Structure formats: structure tokens, C-alpha cells
$ cat structure.cif   # mmCIF, all heavy atoms
data_protein
#
loop_
_atom_site.label_atom_id
_atom_site.label_comp_id
_atom_site.auth_asym_id
_atom_site.auth_seq_id
_atom_site.Cartn_x
_atom_site.Cartn_y
_atom_site.Cartn_z
N MET F 1 -8.15 26.79 -48.37
CA MET F 1 -6.94 25.95 -48.36
C MET F 1 -6.15 26.15 -47.06
O MET F 1 -5.80 25.22 -46.39
CB MET F 1 -6.08 26.33 -49.59
CG MET F 1 -4.88 25.42 -49.77
SD MET F 1 -5.36 23.74 -50.28
CE MET F 1 -3.78 22.94 -50.20
N SER F 2 -5.90 27.40 -46.72
CA SER F 2 -5.10 27.69 -45.53
C SER F 2 -5.83 27.26 -44.25
O SER F 2 -5.21 26.80 -43.31
CB SER F 2 -4.75 29.17 -45.47
OG SER F 2 -5.94 29.95 -45.40
N THR F 3 -7.16 27.40 -44.24
CA THR F 3 -7.93 27.00 -43.06
C THR F 3 -7.85 25.49 -42.85
O THR F 3 -7.80 25.02 -41.73
CB THR F 3 -9.40 27.41 -43.19
OG1 THR F 3 -9.91 26.94 -44.44
CG2 THR F 3 -9.56 28.91 -43.09
N LYS F 4 -7.82 24.72 -43.94
CA LYS F 4 -7.72 23.26 -43.83
C LYS F 4 -6.38 22.86 -43.23
O LYS F 4 -6.29 21.94 -42.43
CB LYS F 4 -7.90 22.61 -45.22
CG LYS F 4 -9.35 22.42 -45.59
CD LYS F 4 -9.50 21.28 -46.59
CE LYS F 4 -10.99 20.93 -46.76
NZ LYS F 4 -11.16 19.77 -47.62
N VAL F 5 -5.31 23.54 -43.63
CA VAL F 5 -3.98 23.24 -43.10
C VAL F 5 -3.96 23.50 -41.59
O VAL F 5 -3.45 22.70 -40.82
CB VAL F 5 -2.91 24.10 -43.81
CG1 VAL F 5 -1.56 23.95 -43.11
CG2 VAL F 5 -2.79 23.68 -45.28
N ILE F 6 -4.54 24.62 -41.17
CA ILE F 6 -4.60 24.97 -39.75
C ILE F 6 -5.40 23.91 -38.99
O ILE F 6 -5.00 23.46 -37.92
CB ILE F 6 -5.22 26.37 -39.54
CG1 ILE F 6 -4.26 27.45 -40.09
CG2 ILE F 6 -5.51 26.63 -38.06
CD1 ILE F 6 -4.93 28.79 -40.31
N GLU F 7 -6.54 23.49 -39.57
CA GLU F 7 -7.37 22.46 -38.96
C GLU F 7 -6.58 21.16 -38.79
O GLU F 7 -6.60 20.55 -37.75
CB GLU F 7 -8.59 22.21 -39.87
CG GLU F 7 -9.90 22.15 -39.09
CD GLU F 7 -11.09 22.00 -40.02
OE1 GLU F 7 -11.60 23.02 -40.51
OE2 GLU F 7 -11.48 20.85 -40.27
N PHE F 8 -5.87 20.78 -39.84
CA PHE F 8 -5.10 19.54 -39.83
C PHE F 8 -4.00 19.61 -38.76
O PHE F 8 -3.82 18.69 -37.99
CB PHE F 8 -4.47 19.31 -41.21
CG PHE F 8 -3.61 18.08 -41.28
CD1 PHE F 8 -4.17 16.81 -41.28
CD2 PHE F 8 -2.22 18.18 -41.33
CE1 PHE F 8 -3.38 15.68 -41.34
CE2 PHE F 8 -1.42 17.05 -41.39
CZ PHE F 8 -2.01 15.80 -41.40
N SER F 9 -3.30 20.73 -38.70
CA SER F 9 -2.22 20.88 -37.72
C SER F 9 -2.79 20.86 -36.30
O SER F 9 -2.17 20.33 -35.39
CB SER F 9 -1.44 22.16 -37.97
OG SER F 9 -2.27 23.28 -37.72
N MET F 10 -3.98 21.41 -36.13
CA MET F 10 -4.62 21.40 -34.81
C MET F 10 -4.96 19.97 -34.40
O MET F 10 -4.75 19.58 -33.26
CB MET F 10 -5.91 22.24 -34.83
CG MET F 10 -5.66 23.73 -34.61
SD MET F 10 -7.17 24.69 -34.65
CE MET F 10 -7.90 24.20 -33.09
N VAL F 11 -5.44 19.18 -35.35
CA VAL F 11 -5.82 17.79 -35.06
C VAL F 11 -4.58 16.98 -34.72
O VAL F 11 -4.55 16.27 -33.72
CB VAL F 11 -6.57 17.17 -36.27
CG1 VAL F 11 -6.68 15.66 -36.11
CG2 VAL F 11 -7.95 17.78 -36.40
N THR F 12 -3.52 17.11 -35.52
CA THR F 12 -2.30 16.35 -35.25
C THR F 12 -1.67 16.80 -33.93
O THR F 12 -1.15 15.98 -33.18
CB THR F 12 -1.29 16.51 -36.39
OG1 THR F 12 -1.12 17.91 -36.66
CG2 THR F 12 -1.75 15.81 -37.64
N GLY F 13 -1.75 18.09 -33.66
CA GLY F 13 -1.23 18.62 -32.40
C GLY F 13 -1.99 18.03 -31.22
O GLY F 13 -1.40 17.64 -30.20
N TRP F 14 -3.30 17.90 -31.36
CA TRP F 14 -4.15 17.34 -30.32
C TRP F 14 -3.82 15.86 -30.12
O TRP F 14 -3.70 15.39 -29.00
CB TRP F 14 -5.62 17.52 -30.68
CG TRP F 14 -6.56 16.90 -29.71
CD1 TRP F 14 -7.34 15.81 -29.94
CD2 TRP F 14 -6.80 17.29 -28.35
NE1 TRP F 14 -8.07 15.51 -28.81
CE2 TRP F 14 -7.75 16.40 -27.83
CE3 TRP F 14 -6.31 18.31 -27.54
CZ2 TRP F 14 -8.23 16.51 -26.51
CZ3 TRP F 14 -6.77 18.41 -26.24
CH2 TRP F 14 -7.71 17.52 -25.74
N GLU F 15 -3.68 15.13 -31.24
CA GLU F 15 -3.34 13.70 -31.17
C GLU F 15 -1.98 13.52 -30.48
O GLU F 15 -1.80 12.63 -29.65
CB GLU F 15 -3.31 13.09 -32.57
CG GLU F 15 -4.69 12.81 -33.12
CD GLU F 15 -4.66 12.28 -34.54
OE1 GLU F 15 -3.56 12.12 -35.10
OE2 GLU F 15 -5.74 12.03 -35.09
N TRP F 16 -1.02 14.39 -30.83
CA TRP F 16 0.30 14.33 -30.23
C TRP F 16 0.21 14.58 -28.73
O TRP F 16 0.84 13.91 -27.92
CB TRP F 16 1.20 15.38 -30.89
CG TRP F 16 2.60 15.41 -30.34
CD1 TRP F 16 3.62 14.59 -30.67
CD2 TRP F 16 3.11 16.32 -29.35
NE1 TRP F 16 4.74 14.93 -29.94
CE2 TRP F 16 4.46 15.97 -29.13
CE3 TRP F 16 2.55 17.39 -28.63
CZ2 TRP F 16 5.26 16.67 -28.22
CZ3 TRP F 16 3.35 18.07 -27.72
CH2 TRP F 16 4.69 17.71 -27.54
N PHE F 17 -0.64 15.54 -28.36
CA PHE F 17 -0.84 15.87 -26.95
C PHE F 17 -1.45 14.69 -26.19
O PHE F 17 -1.01 14.36 -25.10
CB PHE F 17 -1.76 17.09 -26.84
CG PHE F 17 -2.12 17.44 -25.41
CD1 PHE F 17 -1.19 18.04 -24.58
CD2 PHE F 17 -3.39 17.16 -24.92
CE1 PHE F 17 -1.52 18.35 -23.26
CE2 PHE F 17 -3.72 17.48 -23.61
CZ PHE F 17 -2.78 18.07 -22.79
N VAL F 18 -2.43 14.03 -26.83
CA VAL F 18 -3.08 12.87 -26.21
C VAL F 18 -2.08 11.73 -26.04
O VAL F 18 -2.05 11.06 -25.01
CB VAL F 18 -4.30 12.42 -27.05
CG1 VAL F 18 -4.82 11.07 -26.58
CG2 VAL F 18 -5.41 13.46 -26.97
N GLN F 19 -1.25 11.52 -27.07
CA GLN F 19 -0.23 10.47 -26.99
C GLN F 19 0.75 10.77 -25.87
O GLN F 19 1.14 9.89 -25.11
CB GLN F 19 0.51 10.36 -28.32
CG GLN F 19 -0.28 9.59 -29.36
CD GLN F 19 0.50 9.39 -30.64
OE1 GLN F 19 1.49 10.08 -30.90
NE2 GLN F 19 0.08 8.45 -31.45
N LEU F 20 1.17 12.02 -25.77
CA LEU F 20 2.10 12.44 -24.71
C LEU F 20 1.47 12.21 -23.34
O LEU F 20 2.12 11.70 -22.42
CB LEU F 20 2.45 13.92 -24.89
CG LEU F 20 3.58 14.45 -24.01
CD1 LEU F 20 4.93 13.96 -24.52
CD2 LEU F 20 3.56 15.96 -23.98
N LEU F 21 0.17 12.56 -23.22
CA LEU F 21 -0.54 12.40 -21.96
C LEU F 21 -0.63 10.93 -21.58
O LEU F 21 -0.39 10.56 -20.43
CB LEU F 21 -1.94 13.01 -22.09
CG LEU F 21 -2.69 13.23 -20.78
CD1 LEU F 21 -2.06 14.37 -19.99
CD2 LEU F 21 -4.15 13.56 -21.09
N SER F 22 -0.96 10.08 -22.56
CA SER F 22 -1.08 8.65 -22.28
C SER F 22 0.28 8.07 -21.89
O SER F 22 0.38 7.21 -21.03
CB SER F 22 -1.64 7.91 -23.50
OG SER F 22 -0.75 8.01 -24.60
N LEU F 23 1.34 8.57 -22.52
CA LEU F 23 2.70 8.12 -22.18
C LEU F 23 3.03 8.51 -20.74
O LEU F 23 3.53 7.71 -19.96
CB LEU F 23 3.70 8.75 -23.15
CG LEU F 23 5.12 8.19 -23.10
CD1 LEU F 23 5.18 6.81 -23.75
CD2 LEU F 23 6.08 9.14 -23.80
N VAL F 24 2.71 9.76 -20.38
CA VAL F 24 2.96 10.26 -19.03
C VAL F 24 2.18 9.44 -18.00
O VAL F 24 2.68 9.16 -16.91
CB VAL F 24 2.59 11.76 -18.94
CG1 VAL F 24 2.52 12.23 -17.49
CG2 VAL F 24 3.59 12.59 -19.72
N LEU F 25 0.96 9.03 -18.36
CA LEU F 25 0.15 8.22 -17.45
C LEU F 25 0.65 6.78 -17.39
O LEU F 25 0.52 6.13 -16.36
CB LEU F 25 -1.32 8.23 -17.89
CG LEU F 25 -2.06 9.57 -17.69
CD1 LEU F 25 -3.44 9.50 -18.32
CD2 LEU F 25 -2.18 9.93 -16.23
N LEU F 26 1.23 6.30 -18.50
CA LEU F 26 1.70 4.91 -18.55
C LEU F 26 2.99 4.74 -17.76
O LEU F 26 3.21 3.68 -17.18
CB LEU F 26 1.94 4.49 -20.00
CG LEU F 26 0.76 3.79 -20.68
CD1 LEU F 26 1.05 3.57 -22.16
CD2 LEU F 26 0.46 2.45 -20.03
N ILE F 27 3.85 5.76 -17.74
CA ILE F 27 5.16 5.64 -17.08
C ILE F 27 5.02 5.21 -15.62
O ILE F 27 5.65 4.24 -15.22
CB ILE F 27 5.98 6.94 -17.25
CG1 ILE F 27 6.46 7.07 -18.70
CG2 ILE F 27 7.17 6.97 -16.29
CD1 ILE F 27 7.00 8.44 -19.05
N PRO F 28 4.17 5.87 -14.80
CA PRO F 28 4.05 5.43 -13.39
C PRO F 28 3.49 4.02 -13.26
O PRO F 28 3.89 3.27 -12.37
CB PRO F 28 3.08 6.45 -12.78
CG PRO F 28 3.03 7.58 -13.72
CD PRO F 28 3.37 7.05 -15.07
N ILE F 29 2.56 3.66 -14.18
CA ILE F 29 1.94 2.32 -14.11
C ILE F 29 2.98 1.25 -14.38
O ILE F 29 2.97 0.19 -13.77
CB ILE F 29 0.77 2.26 -15.12
CG1 ILE F 29 -0.37 3.20 -14.69
CG2 ILE F 29 0.24 0.82 -15.25
CD1 ILE F 29 -1.38 3.47 -15.80
N VAL F 30 3.90 1.53 -15.32
CA VAL F 30 4.93 0.55 -15.69
C VAL F 30 6.10 0.60 -14.70
O VAL F 30 6.58 -0.43 -14.24
CB VAL F 30 5.43 0.82 -17.13
CG1 VAL F 30 6.61 -0.07 -17.48
CG2 VAL F 30 4.29 0.59 -18.12
N VAL F 31 6.55 1.81 -14.37
CA VAL F 31 7.75 1.98 -13.53
C VAL F 31 7.45 1.68 -12.06
O VAL F 31 8.30 1.14 -11.36
CB VAL F 31 8.31 3.41 -13.71
CG1 VAL F 31 9.45 3.68 -12.74
CG2 VAL F 31 8.79 3.60 -15.14
N GLY F 32 6.24 2.03 -11.60
CA GLY F 32 5.86 1.83 -10.20
C GLY F 32 6.11 0.42 -9.69
O GLY F 32 6.85 0.24 -8.72
N PRO F 33 5.52 -0.60 -10.34
CA PRO F 33 5.75 -1.98 -9.89
C PRO F 33 7.21 -2.39 -9.94
O PRO F 33 7.68 -3.11 -9.06
CB PRO F 33 4.92 -2.81 -10.87
CG PRO F 33 3.91 -1.87 -11.42
CD PRO F 33 4.54 -0.51 -11.41
N ILE F 34 7.95 -1.92 -10.96
CA ILE F 34 9.38 -2.28 -11.08
C ILE F 34 10.13 -1.74 -9.87
O ILE F 34 10.94 -2.45 -9.26
CB ILE F 34 9.96 -1.71 -12.39
CG1 ILE F 34 9.31 -2.42 -13.59
CG2 ILE F 34 11.48 -1.89 -12.43
CD1 ILE F 34 9.59 -1.76 -14.92
N ILE F 35 9.86 -0.48 -9.50
CA ILE F 35 10.51 0.14 -8.34
C ILE F 35 10.15 -0.64 -7.07
O ILE F 35 11.00 -0.90 -6.23
CB ILE F 35 10.12 1.63 -8.23
CG1 ILE F 35 10.74 2.41 -9.38
CG2 ILE F 35 10.55 2.20 -6.88
CD1 ILE F 35 10.21 3.84 -9.49
N LEU F 36 8.87 -1.02 -6.95
CA LEU F 36 8.43 -1.78 -5.78
C LEU F 36 9.14 -3.13 -5.70
O LEU F 36 9.55 -3.55 -4.62
CB LEU F 36 6.91 -2.00 -5.84
CG LEU F 36 6.05 -0.80 -5.44
CD1 LEU F 36 4.58 -1.10 -5.71
CD2 LEU F 36 6.25 -0.45 -3.97
N ILE F 37 9.30 -3.78 -6.85
CA ILE F 37 9.98 -5.09 -6.89
C ILE F 37 11.44 -4.92 -6.47
O ILE F 37 11.95 -5.68 -5.65
CB ILE F 37 9.87 -5.70 -8.29
CG1 ILE F 37 8.42 -6.16 -8.55
CG2 ILE F 37 10.82 -6.89 -8.46
CD1 ILE F 37 8.11 -6.42 -10.01
N ILE F 38 12.11 -3.89 -7.03
CA ILE F 38 13.52 -3.65 -6.69
C ILE F 38 13.67 -3.36 -5.20
O ILE F 38 14.54 -3.92 -4.52
CB ILE F 38 14.08 -2.49 -7.55
CG1 ILE F 38 14.19 -2.93 -9.02
CG2 ILE F 38 15.46 -2.04 -7.03
CD1 ILE F 38 14.41 -1.77 -9.98
N LEU F 39 12.80 -2.49 -4.68
CA LEU F 39 12.85 -2.17 -3.25
C LEU F 39 12.57 -3.40 -2.40
O LEU F 39 13.22 -3.61 -1.37
CB LEU F 39 11.83 -1.07 -2.92
CG LEU F 39 12.18 0.35 -3.40
CD1 LEU F 39 11.02 1.28 -3.15
CD2 LEU F 39 13.43 0.87 -2.71
N GLY F 40 11.62 -4.24 -2.84
CA GLY F 40 11.29 -5.47 -2.13
C GLY F 40 12.47 -6.42 -2.08
O GLY F 40 12.78 -6.99 -1.03
N ILE F 41 13.16 -6.56 -3.22
CA ILE F 41 14.32 -7.46 -3.29
C ILE F 41 15.43 -6.93 -2.39
O ILE F 41 16.08 -7.70 -1.66
CB ILE F 41 14.81 -7.59 -4.75
CG1 ILE F 41 13.78 -8.40 -5.56
CG2 ILE F 41 16.18 -8.26 -4.81
CD1 ILE F 41 13.99 -8.31 -7.06
N ARG F 42 15.66 -5.62 -2.42
CA ARG F 42 16.70 -5.02 -1.56
C ARG F 42 16.37 -5.22 -0.09
O ARG F 42 17.24 -5.60 0.70
CB ARG F 42 16.81 -3.52 -1.85
CG ARG F 42 17.65 -3.23 -3.07
CD ARG F 42 17.95 -1.75 -3.16
NE ARG F 42 18.74 -1.43 -4.33
CZ ARG F 42 19.08 -0.21 -4.70
NH1 ARG F 42 18.69 0.83 -4.00
NH2 ARG F 42 19.80 0.00 -5.77
N ALA F 43 15.12 -4.98 0.28
CA ALA F 43 14.70 -5.14 1.67
C ALA F 43 14.85 -6.60 2.09
O ALA F 43 15.31 -6.90 3.20
CB ALA F 43 13.26 -4.70 1.83
N LEU F 44 14.50 -7.52 1.19
CA LEU F 44 14.61 -8.95 1.49
C LEU F 44 16.06 -9.36 1.67
O LEU F 44 16.39 -10.09 2.61
CB LEU F 44 13.97 -9.75 0.34
CG LEU F 44 13.70 -11.22 0.62
CD1 LEU F 44 12.57 -11.36 1.63
CD2 LEU F 44 13.33 -11.94 -0.67
N SER F 45 16.95 -8.86 0.80
CA SER F 45 18.36 -9.21 0.90
C SER F 45 18.98 -8.66 2.19
O SER F 45 19.77 -9.33 2.85
CB SER F 45 19.14 -8.69 -0.31
OG SER F 45 19.13 -7.28 -0.35
N ILE F 46 18.59 -7.45 2.57
CA ILE F 46 19.07 -6.86 3.84
C ILE F 46 18.57 -7.70 5.01
O ILE F 46 19.31 -7.99 5.94
CB ILE F 46 18.60 -5.39 3.95
CG1 ILE F 46 19.35 -4.52 2.92
CG2 ILE F 46 18.83 -4.84 5.37
CD1 ILE F 46 18.73 -3.14 2.72
N TYR F 47 17.30 -8.09 4.95
CA TYR F 47 16.68 -8.91 6.00
C TYR F 47 17.39 -10.26 6.13
O TYR F 47 17.69 -10.70 7.23
CB TYR F 47 15.20 -9.10 5.65
CG TYR F 47 14.44 -9.94 6.64
CD1 TYR F 47 14.09 -9.44 7.89
CD2 TYR F 47 14.07 -11.25 6.33
CE1 TYR F 47 13.38 -10.19 8.80
CE2 TYR F 47 13.36 -12.01 7.23
CZ TYR F 47 13.02 -11.49 8.46
OH TYR F 47 12.31 -12.26 9.36
N VAL F 48 17.69 -10.87 4.99
CA VAL F 48 18.38 -12.16 4.99
C VAL F 48 19.79 -12.01 5.58
O VAL F 48 20.22 -12.84 6.38
CB VAL F 48 18.43 -12.75 3.57
CG1 VAL F 48 19.42 -13.93 3.47
CG2 VAL F 48 17.04 -13.19 3.12
N LYS F 49 20.50 -10.96 5.18
CA LYS F 49 21.85 -10.72 5.70
C LYS F 49 21.82 -10.54 7.23
O LYS F 49 22.67 -11.06 7.94
CB LYS F 49 22.46 -9.48 5.05
CG LYS F 49 23.03 -9.77 3.67
CD LYS F 49 23.61 -8.51 3.06
CE LYS F 49 24.04 -8.75 1.61
NZ LYS F 49 24.48 -7.50 0.98
N LYS F 50 20.84 -9.79 7.73
CA LYS F 50 20.72 -9.57 9.17
C LYS F 50 20.44 -10.90 9.88
O LYS F 50 20.99 -11.14 10.95
CB LYS F 50 19.58 -8.58 9.43
CG LYS F 50 20.00 -7.13 9.24
CD LYS F 50 18.88 -6.18 9.64
CE LYS F 50 19.30 -4.73 9.44
NZ LYS F 50 18.21 -3.80 9.77
N ASN F 51 19.59 -11.71 9.29
CA ASN F 51 19.25 -13.00 9.90
C ASN F 51 20.43 -13.95 9.90
O ASN F 51 20.63 -14.70 10.85
CB ASN F 51 18.07 -13.65 9.14
CG ASN F 51 16.74 -13.16 9.71
OD1 ASN F 51 16.70 -12.22 10.48
ND2 ASN F 51 15.67 -13.81 9.31
N ARG F 52 21.24 -13.92 8.85
CA ARG F 52 22.41 -14.81 8.77
C ARG F 52 23.43 -14.44 9.85
O ARG F 52 24.04 -15.31 10.46
CB ARG F 52 23.06 -14.70 7.39
CG ARG F 52 22.33 -15.56 6.36
CD ARG F 52 23.04 -15.52 5.03
NE ARG F 52 22.31 -16.26 4.00
CZ ARG F 52 22.59 -16.21 2.71
NH1 ARG F 52 23.59 -15.46 2.26
NH2 ARG F 52 21.89 -16.91 1.85
N LYS F 53 23.60 -13.14 10.09
CA LYS F 53 24.54 -12.69 11.12
C LYS F 53 24.02 -13.09 12.51
O LYS F 53 24.78 -13.50 13.35
CB LYS F 53 24.71 -11.17 11.04
CG LYS F 53 25.62 -10.73 9.91
CD LYS F 53 25.76 -9.21 9.89
CE LYS F 53 26.60 -8.77 8.68
NZ LYS F 53 26.63 -7.31 8.57
N GLY F 54 22.70 -12.91 12.71
CA GLY F 54 22.10 -13.20 13.99
C GLY F 54 22.06 -14.70 14.22
O GLY F 54 22.46 -15.19 15.25
#
$ encode --input "structure.cif" --output "C-alpha cells"
Amino acid sequence: MSTKVIEFSMVTGWEWFVQLLSLVLLIPIVVGPIILIILGIRALSIYVKKNRKG
């Protein structure tokens, strides 16, 4: 009985670890493009402002 509980907790712990790992891997994939878009928009707006003054 006690060995089954340990086995079960090990499996759920492993699943939790895998979920955490997938989340950690997903964050850069999702956040990366958003950051690039924001930086692109900022760079574009600065570029437009410089051109309007010139």
C-alpha cells in the first residue's frame, strides 16, 4: 500500500515537472515575438519622428 502511494506521488511529481518544463519553454516562444513587435513599433515610431523633424 505505502509503495503504491510513493509510486503515485513520483508519477505526479514527474508530470508536474514536465508541465513546468514545458511552461518554461513556452514562455520565450510566446513572449519573444511580443517583445520583438514592441521593440519594432518603438523603433518605427522613433524613426518616423526623426523623419518628420528632418
$ atom_distance --input "structure.cif" --atom1 "CA of Tyr47 (chain F)" --atom2 "CA of Ile34 (chain F)"
19.7 Å
$ atom_distance --input "structure.cif" --atom1 "atom O of Glu15 (chain F)" --atom2 "atom N of Ile27 (chain F)"
14.9 Å
$ atom_distance --input "structure.cif" --atom1 "atom O of Val5 (chain F)" --atom2 "atom N of Val18 (chain F)"
16.5 Å
